[in-house]
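What's in input31.txt: compact mmCIF, C-alpha atoms
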```txt
# COMPACT_ATOMS: atom_id res chain seq x y z
CA MET I 1 147.44 23.37 67.03
CA ILE I 2 151.07 24.08 67.91
CA THR I 3 151.29 24.37 71.68
CA SER I 4 154.93 25.30 72.32
CA MET I 5 158.40 25.72 70.80
CA ASP I 6 161.99 26.30 71.90
CA TRP I 7 165.46 26.98 70.50
CA SER I 8 168.42 24.79 71.43
CA SER I 9 171.17 26.51 73.43
CA ASN I 10 173.57 26.35 70.46
CA GLY I 11 170.98 27.91 68.16
CA GLN I 12 171.15 25.02 65.69
CA HIS I 13 167.69 23.55 66.26
CA LEU I 14 164.10 24.63 66.77
CA ILE I 15 161.63 22.20 68.33
CA THR I 16 157.84 22.44 68.15
CA CYS I 17 155.07 20.37 69.70
CA SER I 18 151.41 20.08 68.79
CA GLU I 19 148.05 18.72 69.82
CA ASP I 20 148.47 16.18 66.98
CA ARG I 21 150.72 14.23 69.41
CA THR I 22 153.97 14.97 67.60
CA LEU I 23 157.25 16.74 68.29
CA ARG I 24 159.10 18.14 65.30
CA LEU I 25 162.79 19.02 65.23
CA TRP I 26 164.01 21.57 62.69
CA SER I 27 167.64 22.29 61.82
CA THR I 28 168.54 25.92 61.10
CA ARG I 29 170.63 24.61 58.19
CA GLU I 30 167.35 23.74 56.47
CA PHE I 31 165.97 27.27 56.75
CA GLN I 32 167.72 28.43 53.56
CA ASN I 33 166.29 25.53 51.54
CA LYS I 34 163.05 25.70 49.60
CA GLU I 35 161.79 22.55 51.34
CA HIS I 36 162.12 22.76 55.14
CA ARG I 37 162.64 19.16 56.10
CA HIS I 38 162.35 18.09 59.74
CA SER I 39 162.49 15.05 61.99
CA ARG I 40 159.45 13.85 63.92
CA ALA I 41 158.65 11.97 67.11
CA SER I 42 155.26 10.68 68.22
CA ILE I 43 153.84 10.90 71.74
CA VAL I 44 151.89 7.76 72.61
CA LEU I 45 148.40 8.34 74.09
CA ASP I 46 149.18 11.95 75.08
CA HIS I 47 150.34 15.30 73.71
CA VAL I 48 152.88 17.87 74.84
CA THR I 49 151.78 21.35 75.88
CA LEU I 50 155.21 22.75 76.83
CA VAL I 51 158.70 21.87 75.60
CA ARG I 52 162.18 23.09 76.54
CA PHE I 53 165.68 22.06 75.57
CA THR I 54 168.08 21.39 78.42
CA SER I 55 171.68 22.61 78.18
CA GLU I 56 172.30 19.31 76.40
CA THR I 57 170.82 19.80 72.96
CA ARG I 58 169.63 16.19 72.71
CA VAL I 59 167.67 16.26 75.99
CA VAL I 60 164.27 17.94 76.29
CA ALA I 61 161.78 18.59 79.08
CA LEU I 62 158.15 17.88 78.15
CA TRP I 63 154.93 18.73 79.96
CA LEU I 64 152.39 16.00 79.15
CA ALA I 65 148.77 17.16 78.97
CA LEU I 66 146.91 14.02 80.02
CA ALA I 67 149.52 12.64 82.42
CA ASP I 68 149.78 16.16 83.91
CA THR I 69 153.47 15.72 84.65
CA LEU I 70 156.98 16.63 83.51
CA ARG I 71 159.17 14.14 81.70
CA LEU I 72 162.84 14.45 80.68
CA CYS I 73 163.67 12.62 77.46
CA LYS I 74 166.71 12.04 75.30
CA ILE I 75 166.16 12.47 71.57
CA GLN I 76 167.45 9.52 69.55
CA ARG I 77 167.32 9.12 65.78
CA GLN I 78 165.54 6.16 64.20
CA GLY I 79 166.07 6.32 60.48
CA ASP I 80 166.40 9.46 58.40
CA ARG I 81 163.49 11.57 59.68
CA THR I 82 162.13 9.63 62.66
CA LEU I 83 162.95 10.33 66.30
CA GLN I 84 162.48 8.32 69.48
CA LEU I 85 162.02 9.94 72.90
CA VAL I 86 163.74 7.91 75.62
CA PRO I 87 162.81 8.87 79.23
CA LEU I 88 165.89 9.59 81.35
CA CYS I 89 164.20 9.18 84.74
CA ALA I 90 160.79 8.65 86.29
CA ASP I 91 158.15 11.29 85.58
CA PHE I 92 158.27 14.17 88.05
CA PRO I 93 155.79 13.90 90.94
CA ARG I 94 152.63 16.00 90.81
CA GLN I 95 152.96 19.12 92.92
CA HIS I 96 150.85 21.78 91.18
CA LYS I 97 147.16 22.22 91.99
CA ALA I 98 146.37 24.32 88.92
CA GLU I 99 147.18 24.23 85.20
CA VAL I 100 150.90 24.43 84.44
CA ILE I 101 151.57 27.32 82.04
CA ALA I 102 155.38 27.45 81.95
CA ILE I 103 158.46 25.28 82.24
CA ASP I 104 162.03 26.53 81.91
CA ILE I 105 165.55 25.30 82.57
CA ALA I 106 168.59 27.22 83.83
CA ALA I 107 171.40 27.40 81.29
CA THR I 108 173.71 26.14 84.03
CA GLY I 109 171.67 22.94 84.31
CA ARG I 110 171.38 23.43 88.07
CA PHE I 111 167.59 23.62 88.25
CA LEU I 112 164.36 23.33 86.34
CA MET I 113 161.27 25.51 86.90
CA THR I 114 157.55 24.83 86.54
CA ALA I 115 154.79 27.39 87.10
CA SER I 116 151.01 27.16 87.22
CA ASN I 117 148.29 29.70 86.57
CA ASP I 118 147.55 30.19 90.27
CA THR I 119 150.52 31.79 92.06
CA THR I 120 152.88 28.82 92.34
CA ILE I 121 156.41 28.36 91.02
CA ILE I 122 158.35 25.19 91.84
CA LEU I 123 162.11 24.68 91.43
CA TRP I 124 163.39 21.16 90.82
CA THR I 125 166.63 19.30 90.42
CA MET I 126 167.05 17.61 87.05
CA LYS I 127 166.16 14.33 88.84
CA GLY I 128 162.71 15.54 89.93
CA VAL I 129 163.47 16.53 93.53
CA VAL I 130 161.82 19.75 94.74
CA LEU I 131 164.33 22.44 95.71
CA SER I 132 161.95 25.25 96.60
CA SER I 133 158.45 26.64 96.05
CA ILE I 134 157.57 30.30 95.44
CA ASN I 135 154.24 32.04 96.00
CA THR I 136 154.25 35.04 93.64
CA ASN I 137 151.29 36.75 95.39
CA GLN I 138 150.18 38.12 92.01
CA MET I 139 146.66 36.63 92.20
CA GLN I 140 147.32 34.77 88.94
CA ASN I 141 150.51 33.99 87.03
CA PHE I 142 150.44 35.06 83.36
CA HIS I 143 154.06 34.41 82.42
CA VAL I 144 157.09 32.95 84.23
CA ALA I 145 160.63 32.50 82.88
CA VAL I 146 164.23 31.82 83.87
CA SER I 147 166.77 34.41 82.74
CA PRO I 148 169.19 33.28 79.98
CA CYS I 149 172.08 33.54 82.46
CA GLY I 150 170.31 31.05 84.74
CA ARG I 151 170.54 33.31 87.77
CA PHE I 152 167.05 34.82 87.98
CA ILE I 153 163.40 33.80 87.78
CA GLY I 154 160.79 36.37 86.76
CA SER I 155 157.01 36.32 87.00
CA CYS I 156 154.17 38.60 85.99
CA GLY I 157 150.45 38.33 86.47
CA PHE I 158 147.32 40.14 87.55
CA THR I 159 149.30 42.81 89.44
CA PRO I 160 151.03 45.74 87.62
CA ASP I 161 154.61 44.61 88.26
CA VAL I 162 157.22 42.01 87.34
CA LYS I 163 158.84 40.21 90.28
CA ILE I 164 162.38 38.87 90.02
CA TRP I 165 164.00 36.28 92.31
CA GLU I 166 167.62 35.18 92.48
CA VAL I 167 168.33 31.44 92.79
CA CYS I 168 171.43 31.10 94.96
CA PHE I 169 173.90 28.21 95.01
CA GLY I 170 176.99 27.61 97.13
CA LYS I 171 180.57 27.47 95.89
CA THR I 172 180.39 23.71 95.52
CA GLY I 173 177.12 23.87 93.58
CA GLU I 174 174.68 23.03 96.38
CA PHE I 175 171.33 24.85 96.41
CA ARG I 176 171.08 27.49 99.13
CA GLU I 177 167.97 29.66 98.77
CA VAL I 178 165.69 31.78 96.60
CA THR I 179 165.72 35.49 97.44
CA ARG I 180 163.84 38.49 96.09
CA ALA I 181 166.14 40.44 93.76
CA PHE I 182 164.09 43.38 92.42
CA GLU I 183 160.79 44.40 90.84
CA LEU I 184 159.78 46.26 87.69
CA LYS I 185 157.20 48.77 88.92
CA GLY I 186 155.22 51.46 87.15
CA HIS I 187 152.65 49.82 84.90
CA LYS I 188 149.04 50.74 85.67
CA ALA I 189 147.50 47.32 84.92
CA GLY I 190 148.51 43.67 84.89
CA VAL I 191 151.71 42.75 83.06
CA VAL I 192 151.08 39.97 80.54
CA SER I 193 154.61 39.34 79.25
CA PHE I 194 158.26 40.19 79.87
CA ALA I 195 161.70 39.14 78.64
CA PHE I 196 165.39 39.33 79.59
CA SER I 197 168.40 40.19 77.45
CA ASN I 198 171.10 37.54 77.27
CA ASP I 199 173.10 39.00 80.18
CA SER I 200 170.00 40.12 82.13
CA THR I 201 171.10 43.78 82.10
CA ARG I 202 168.03 44.78 80.08
CA MET I 203 164.40 43.72 80.36
CA VAL I 204 161.17 44.52 78.53
CA SER I 205 157.60 44.25 79.77
CA ALA I 206 154.17 44.53 78.11
CA SER I 207 151.04 45.41 80.03
CA LYS I 208 147.27 45.60 79.76
CA ASP I 209 147.69 49.34 80.38
CA GLY I 210 148.58 49.62 76.67
CA THR I 211 152.34 50.20 76.99
CA TRP I 212 155.57 48.29 76.63
CA ARG I 213 158.61 49.33 78.64
CA LEU I 214 162.38 48.93 78.48
CA TRP I 215 164.29 48.66 81.77
CA ASP I 216 167.94 48.92 82.81
CA THR I 217 168.44 46.02 85.21
CA GLU I 218 172.24 46.20 85.49
CA LEU I 219 171.92 46.77 89.21
CA GLU I 220 175.03 45.18 90.71
CA PHE I 221 177.47 47.07 88.56
CA ARG I 222 175.97 50.52 89.07
CA GLY I 223 174.92 50.25 92.69
CA GLN I 224 171.30 51.01 91.87
CA ARG I 225 168.64 49.85 94.29
CA ASP I 226 165.85 49.70 91.71
CA PRO I 227 165.72 49.11 87.95
CA GLN I 228 165.71 52.24 85.84
CA LEU I 229 162.93 52.85 83.30
CA LEU I 230 164.55 53.70 79.97
CA LEU I 231 161.54 53.81 77.65
CA SER I 232 157.74 53.61 77.75
CA VAL I 233 155.93 53.24 74.42
CA PRO I 234 152.17 53.06 73.67
CA LEU I 235 150.88 49.83 72.15
CA THR I 236 148.28 49.08 69.51
CA GLY I 237 146.20 45.91 69.35
CA ASP I 238 144.52 43.73 71.95
CA PRO I 239 146.43 43.98 75.26
CA LYS I 240 145.14 40.55 76.33
CA THR I 241 147.04 38.79 73.52
CA LEU I 242 150.35 40.61 73.99
CA GLN I 243 153.66 38.78 73.97
CA ILE I 244 157.09 40.37 74.00
CA ALA I 245 160.58 39.02 73.29
CA LEU I 246 163.97 40.72 73.55
CA SER I 247 166.92 40.00 71.27
CA PRO I 248 169.98 38.58 73.08
CA ASP I 249 171.92 41.85 72.64
CA GLY I 250 168.91 43.95 73.66
CA HIS I 251 168.92 46.10 70.50
CA VAL I 252 165.44 45.05 69.29
CA ALA I 253 162.24 43.73 70.83
CA ALA I 254 159.52 41.73 69.11
CA LEU I 255 155.92 42.38 70.09
CA ALA I 256 153.00 40.13 69.14
CA SER I 257 149.34 41.12 69.31
CA GLY I 258 146.72 38.88 67.78
CA GLY I 259 148.27 37.48 64.61
CA ASP I 260 150.58 40.45 64.00
CA VAL I 261 154.24 40.71 65.03
CA SER I 262 156.27 43.95 65.08
CA VAL I 263 160.00 44.36 65.61
CA LEU I 264 161.01 47.56 67.42
CA ARG I 265 164.30 49.31 68.07
CA THR I 266 164.77 49.53 71.82
CA ALA I 267 166.92 52.67 71.63
CA THR I 268 163.99 54.71 70.30
CA GLY I 269 160.85 52.56 70.39
CA GLU I 270 160.35 52.94 66.63
CA VAL I 271 158.76 50.09 64.67
CA MET I 272 161.34 48.73 62.24
CA GLU I 273 159.26 45.99 60.62
CA THR I 274 155.76 44.50 60.94
CA PHE I 275 154.48 41.10 59.87
CA ALA I 276 150.66 41.05 59.63
CA SER I 277 148.15 38.20 59.88
CA LEU I 278 150.76 35.48 60.21
CA HIS I 279 148.69 32.54 61.38
CA GLY I 280 145.51 32.43 59.32
CA GLY I 281 143.36 34.16 61.91
CA TYR I 282 144.95 32.53 64.95
CA THR I 283 146.66 34.47 67.74
CA THR I 284 150.44 34.22 68.12
CA SER I 285 150.96 31.75 70.96
CA LYS I 286 154.77 31.78 71.22
CA LEU I 287 157.48 34.28 70.27
CA ALA I 288 161.27 33.90 70.68
CA PHE I 289 164.63 34.99 69.29
CA ASP I 290 167.27 32.31 68.88
CA PRO I 291 170.27 32.48 71.30
CA ASP I 292 172.48 34.15 68.67
CA GLY I 293 169.89 36.73 67.60
CA ARG I 294 169.92 35.52 63.98
CA PHE I 295 166.28 34.47 63.82
CA LEU I 296 162.87 35.31 65.26
CA ALA I 297 160.38 32.45 65.54
CA CYS I 298 156.67 32.61 66.26
CA CYS I 299 153.82 30.16 66.12
CA GLY I 300 150.03 30.21 66.13
CA GLY I 301 147.39 27.75 65.00
CA ARG I 302 149.10 25.07 62.91
CA LEU I 303 151.89 27.33 61.65
CA ALA I 304 155.39 28.08 62.89
CA ARG I 305 157.23 30.88 61.12
CA VAL I 306 160.90 31.87 61.27
CA PHE I 307 162.22 35.25 60.14
CA HIS I 308 165.71 36.58 59.67
CA ASN I 309 166.39 39.16 62.36
CA ALA I 310 167.24 41.86 59.81
CA PRO I 311 165.99 44.68 62.07
CA GLY I 312 168.36 43.43 64.78
CA ARG I 313 171.33 43.60 62.41
CA HIS I 314 170.32 47.12 61.37
CA ALA I 315 169.87 48.28 64.98
CA ALA I 316 173.22 46.77 66.01
CA ALA I 317 174.96 48.56 63.13
CA MET I 318 173.42 51.89 64.17
CA HIS I 319 174.47 51.30 67.78
CA LEU I 320 178.06 50.53 66.77
CA GLU I 321 178.24 53.56 64.51
CA GLY I 322 177.08 55.81 67.34
CA ALA I 323 179.60 54.24 69.70
CA ALA I 324 182.38 54.78 67.14
CA ARG I 325 181.57 58.49 66.94
CA ASN I 326 182.03 58.74 70.71
CA ALA I 327 185.14 56.54 70.87
CA THR I 328 188.04 57.89 72.92
CA SER I 329 190.79 56.54 70.65
CA ASP I 330 191.38 55.70 66.99
CA SER I 331 191.98 52.02 67.77
CA ILE I 332 188.61 51.69 69.54
CA ARG I 333 186.92 53.60 66.70
CA ARG I 334 188.40 51.28 64.07
CA ARG I 335 187.35 48.21 66.03
CA LEU I 336 183.77 49.46 66.39
CA LEU I 337 183.53 50.39 62.72
CA GLY I 338 184.85 46.95 61.80
CA GLN I 339 182.09 45.37 63.89
CA ARG I 340 179.56 47.68 62.24
CA ASP I 341 180.73 46.59 58.80
CA LYS I 342 180.25 42.93 59.77
CA GLU I 343 176.66 43.66 60.83
CA LEU I 344 176.00 45.51 57.57
CA ALA I 345 177.49 42.64 55.55
CA ALA I 346 175.22 40.19 57.38
CA LEU I 347 172.25 42.49 56.71
CA HIS I 348 173.07 42.67 52.99
CA ALA I 349 173.32 38.87 52.90
CA ILE I 350 169.87 38.60 54.49
CA ASN I 351 168.38 41.07 52.04
CA GLY I 352 169.72 38.94 49.23
CA THR I 353 167.76 35.91 50.47
CA LYS I 354 164.06 35.18 50.57
CA ARG I 355 162.17 35.01 53.88
```

Hey, can you dump this file as structure tokens for me?
Amino acid sequence: MITSMDWSSNGQHLITCSEDRTLRLWSTREFQNKEHRHSRASIVLDHVTLVRFTSETRVVALWLALADTLRLCKIQRQGDRTLQLVPLCADFPRQHKAEVIAIDIAATGRFLMTASNDTTIILWTMKGVVLSSINTNQMQNFHVAVSPCGRFIGSCGFTPDVKIWEVCFGKTGEFREVTRAFELKGHKAGVVSFAFSNDSTRMVSASKDGTWRLWDTELEFRGQRDPQLLLSVPLTGDPKTLQIALSPDGHVAALASGGDVSVLRTATGEVMETFASLHGGYTTSKLAFDPDGRFLACCGGRLARVFHNAPGRHAAAMHLEGAARNATSDSIRRRLLGQRDKELAALHAINGTKR
């Protein structure tokens, strides 16, 4: 069973880990080939349940199931398709009292986050020193993540909201504090999943109340006190198995329920494409766009699947065309139409390839 996956910050690699005690590293250059070759590392006397790339693409954070700890490792090649994982420091000390369900790393490299399925979030330095601990007061954490910009931490759980904290550092890079930033309120049951856009100005959430929602979280620039609800759309499928991901530009969201994955346009909520029964009867366990929005990856059971983000290209082209119609000058209109044409060319290239 595949337990976790992650994209590298440069979008050139996908890493997966499994209960078979292996880590597998895939290059996006191989995705166009008929045979998807990969490199493999073995975990001695343990297996990895969670994996994340650091800002350095050759360093990964691993949560070890039996050791019940976090380990930072450098990936080194041994031969053509064999990898060795070299620990960079001592394993992190045990601090959680419940099962760890999430690890994440700020893009800035300033901190690392672990979260357990009680109400605990712990922030660490990259050397394993505790910076701060957060009690989410959500009865049980379902999902916790660091925003792509590295500024915020979000959590959702048994309560019908998503809580967002800001991790504050001084001018010289020293850690200062964690403060409450805002909340996404309005769902009528527990929120099971959420996601940020690349610049954290948009968020999506999926709830057991049978809806997914799109939020405007560009608060600083507009002087808003609370996030603005932009869209609320009914869901189909089992709410307990919901996962949601947001493309880096915020134009499309991917929603997984059971073994099905749908890609939706955030401007309207319409379903643009659906992939059914992807994992041979297994539920989708992970779902993520790559940092450039070119691909959508998901895994479940023993399978990891990667799709071209064709709906995202289409949605971006429609957005640019609409913006061009409302442009205030010919030069801006030409620039927007040129960007639209690039998206359409990329879409045509995708349609000429095989998924």

Nearest-residue call for Gln95 in chain I, choices I:Phe169, I:Phe307, I:Trp124, I:Phe158, using all atoms listed in the file: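 Result for the nearest residue to Gln95 in chain I: I:Trp124.
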
Would you pick out the contacts of Leu214 in chain I at 7 Å or less, using all atoms listed in the file, so that residues sharing its chain but fewer than 5 positions from it are not included, and give the list as a list in words? Met203, Val204, Ser205, Leu229, Leu230, Leu231 and Ser232 of chain I

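Within 6 Å of the file-frame point (156.5, 28.3, 83.3), and using only C-alpha atoms, the polymer residues found are Ile101, Ala102, Ile103, Asp104, Thr114, Ala115, Val144 and Ala145 of chain I.
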
Residues of range 21-107 of chain I at most 12 Å from range 129-136 of chain I: nearest atom pair and distance in Å, all atoms listed in the file, as JSON lines:
```
{"residue": "I:Leu70", "atom": "CA", "partner": "I:Val129", "partner_atom": "CA", "distance": 11.9}
{"residue": "I:Cys89", "atom": "CA", "partner": "I:Val129", "partner_atom": "CA", "distance": 11.5}
{"residue": "I:Ala90", "atom": "CA", "partner": "I:Val129", "partner_atom": "CA", "distance": 11.0}
{"residue": "I:Asp91", "atom": "CA", "partner": "I:Val129", "partner_atom": "CA", "distance": 10.9}
{"residue": "I:Phe92", "atom": "CA", "partner": "I:Val129", "partner_atom": "CA", "distance": 7.9}
{"residue": "I:Pro93", "atom": "CA", "partner": "I:Val129", "partner_atom": "CA", "distance": 8.5}
{"residue": "I:Arg94", "atom": "CA", "partner": "I:Val130", "partner_atom": "CA", "distance": 10.7}
{"residue": "I:Gln95", "atom": "CA", "partner": "I:Val130", "partner_atom": "CA", "distance": 9.1}
{"residue": "I:His96", "atom": "CA", "partner": "I:Ser133", "partner_atom": "CA", "distance": 10.3}
```

Got a sec: who's within 12 Å of Ala317 in chain I, counting only C-alpha atoms, leaving out chain neighbours fewer than 4 positions off, as an NGL selection string? :I and (251-252 or 265 or 310-313 or 321-324 or 336-348)

Could you please determine the separation between CA of Ala106 in chain I and CA of Leu83 in chain I in Å, to one decimal place?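 About the pair CA of Ala106 in chain I and CA of Leu83 in chain I: they are 25.0 Å apart.
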
Could you name the residues that touch Lys240 in chain I at 9 Å or less, counting all atoms listed in the file, but leaving out those on the same chain fewer than 6 positions away, as a list of chain:residue names? I:Val192, I:Ser207, I:Lys208, I:Ser257, I:Gly258

Nearest residue to Gly352 in chain I from the set I:His308, I:Leu72, I:Leu25, I:Asn141 (distances using only C-alpha atoms):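 Selected residue with least distance to Gly352 in chain I: I:His308.
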
Length of the CA of Arg202 in chain I to CA of Leu264 in chain I vector [Å]: 14.7 Å

One number please: CA of Leu64 in chain I to CA of Leu112 in chain I, in Å, one decimal.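 Between CA of Leu64 in chain I and CA of Leu112 in chain I the gap is 15.8 Å.
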
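Proximity ranking of I:Arg21, I:Val48, I:Glu166, I:Leu219 relative to Asp68 in chain I places I:Val48 first, based on all atoms listed in the file.
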
Pick out the closest residue to Ala206 in chain I from this set: I:Ser331, I:Thr241, I:Thr82, I:Thr172. Count only C-alpha atoms.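 Among the listed residues, the smallest separation from Ala206 in chain I belongs to I:Thr241.
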
My structure is short of atoms at range 28-57 of chain I; please model N, CA and C atoms there, returning them as a CSV table (one decimal), in the frame of the given file.
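The new file part19.csv reads:
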```csv
chain,number,residue,atom,x,y,z
I,28,THR,N,168.4,24.6,61.7
I,28,THR,CA,168.5,25.9,61.1
I,28,THR,C,169.2,25.8,59.7
I,29,ARG,N,170.0,24.8,59.5
I,29,ARG,CA,170.6,24.6,58.2
I,29,ARG,C,169.6,24.4,57.1
I,30,GLU,N,168.4,24.0,57.5
I,30,GLU,CA,167.4,23.7,56.5
I,30,GLU,C,166.6,25.0,56.1
I,31,PHE,N,166.8,26.1,56.9
I,31,PHE,CA,166.0,27.3,56.8
I,31,PHE,C,166.2,28.0,55.4
I,32,GLN,N,167.4,27.8,54.8
I,32,GLN,CA,167.7,28.4,53.6
I,32,GLN,C,167.2,27.6,52.4
I,33,ASN,N,166.8,26.4,52.6
I,33,ASN,CA,166.3,25.5,51.5
I,33,ASN,C,164.8,25.8,51.2
I,34,LYS,N,164.4,25.5,50.0
I,34,LYS,CA,163.0,25.7,49.6
I,34,LYS,C,162.1,24.8,50.4
I,35,GLU,N,162.6,23.5,50.6
I,35,GLU,CA,161.8,22.6,51.3
I,35,GLU,C,162.4,22.4,52.7
I,36,HIS,N,161.6,22.8,53.8
I,36,HIS,CA,162.1,22.8,55.1
I,36,HIS,C,161.9,21.4,55.8
I,37,ARG,N,162.8,20.5,55.6
I,37,ARG,CA,162.6,19.2,56.1
I,37,ARG,C,162.9,19.2,57.6
I,38,HIS,N,162.2,18.2,58.3
I,38,HIS,CA,162.4,18.1,59.7
I,38,HIS,C,162.3,16.6,60.2
I,39,SER,N,162.6,16.4,61.4
I,39,SER,CA,162.5,15.0,62.0
I,39,SER,C,161.3,15.1,63.0
I,40,ARG,N,160.7,13.9,63.2
I,40,ARG,CA,159.4,13.8,63.9
I,40,ARG,C,159.4,12.7,64.9
I,41,ALA,N,158.9,13.0,66.1
I,41,ALA,CA,158.6,12.0,67.1
I,41,ALA,C,157.2,12.0,67.5
I,42,SER,N,156.7,10.8,67.8
I,42,SER,CA,155.3,10.7,68.2
I,42,SER,C,155.2,10.5,69.7
I,43,ILE,N,154.1,11.1,70.3
I,43,ILE,CA,153.8,10.9,71.7
I,43,ILE,C,152.7,9.9,71.9
I,44,VAL,N,152.9,8.8,72.5
I,44,VAL,CA,151.9,7.8,72.6
I,44,VAL,C,150.8,8.1,73.6
I,45,LEU,N,149.6,8.2,73.2
I,45,LEU,CA,148.4,8.3,74.1
I,45,LEU,C,148.5,9.6,74.9
I,46,ASP,N,149.1,10.7,74.4
I,46,ASP,CA,149.2,12.0,75.1
I,46,ASP,C,149.6,13.0,74.1
I,47,HIS,N,149.7,14.3,74.5
I,47,HIS,CA,150.3,15.3,73.7
I,47,HIS,C,151.1,16.3,74.6
I,48,VAL,N,152.0,17.0,74.1
I,48,VAL,CA,152.9,17.9,74.8
I,48,VAL,C,152.4,19.3,74.7
I,49,THR,N,152.2,20.0,75.9
I,49,THR,CA,151.8,21.4,75.9
I,49,THR,C,152.9,22.3,76.0
I,50,LEU,N,154.1,21.9,76.6
I,50,LEU,CA,155.2,22.8,76.8
I,50,LEU,C,156.5,21.9,76.6
I,51,VAL,N,157.5,22.6,75.9
I,51,VAL,CA,158.7,21.9,75.6
I,51,VAL,C,159.9,22.8,75.8
I,52,ARG,N,161.0,22.3,76.4
I,52,ARG,CA,162.2,23.1,76.5
I,52,ARG,C,163.4,22.2,76.3
I,53,PHE,N,164.4,22.7,75.6
I,53,PHE,CA,165.7,22.1,75.6
I,53,PHE,C,166.4,22.2,76.9
I,54,THR,N,167.1,21.2,77.3
I,54,THR,CA,168.1,21.4,78.4
I,54,THR,C,169.4,22.0,77.8
I,55,SER,N,170.4,22.1,78.7
I,55,SER,CA,171.7,22.6,78.2
I,55,SER,C,172.3,21.6,77.2
I,56,GLU,N,171.9,20.3,77.4
I,56,GLU,CA,172.3,19.3,76.4
I,56,GLU,C,171.3,19.3,75.3
I,57,THR,N,171.7,19.6,74.1
I,57,THR,CA,170.8,19.8,73.0
I,57,THR,C,170.0,18.6,72.6
```
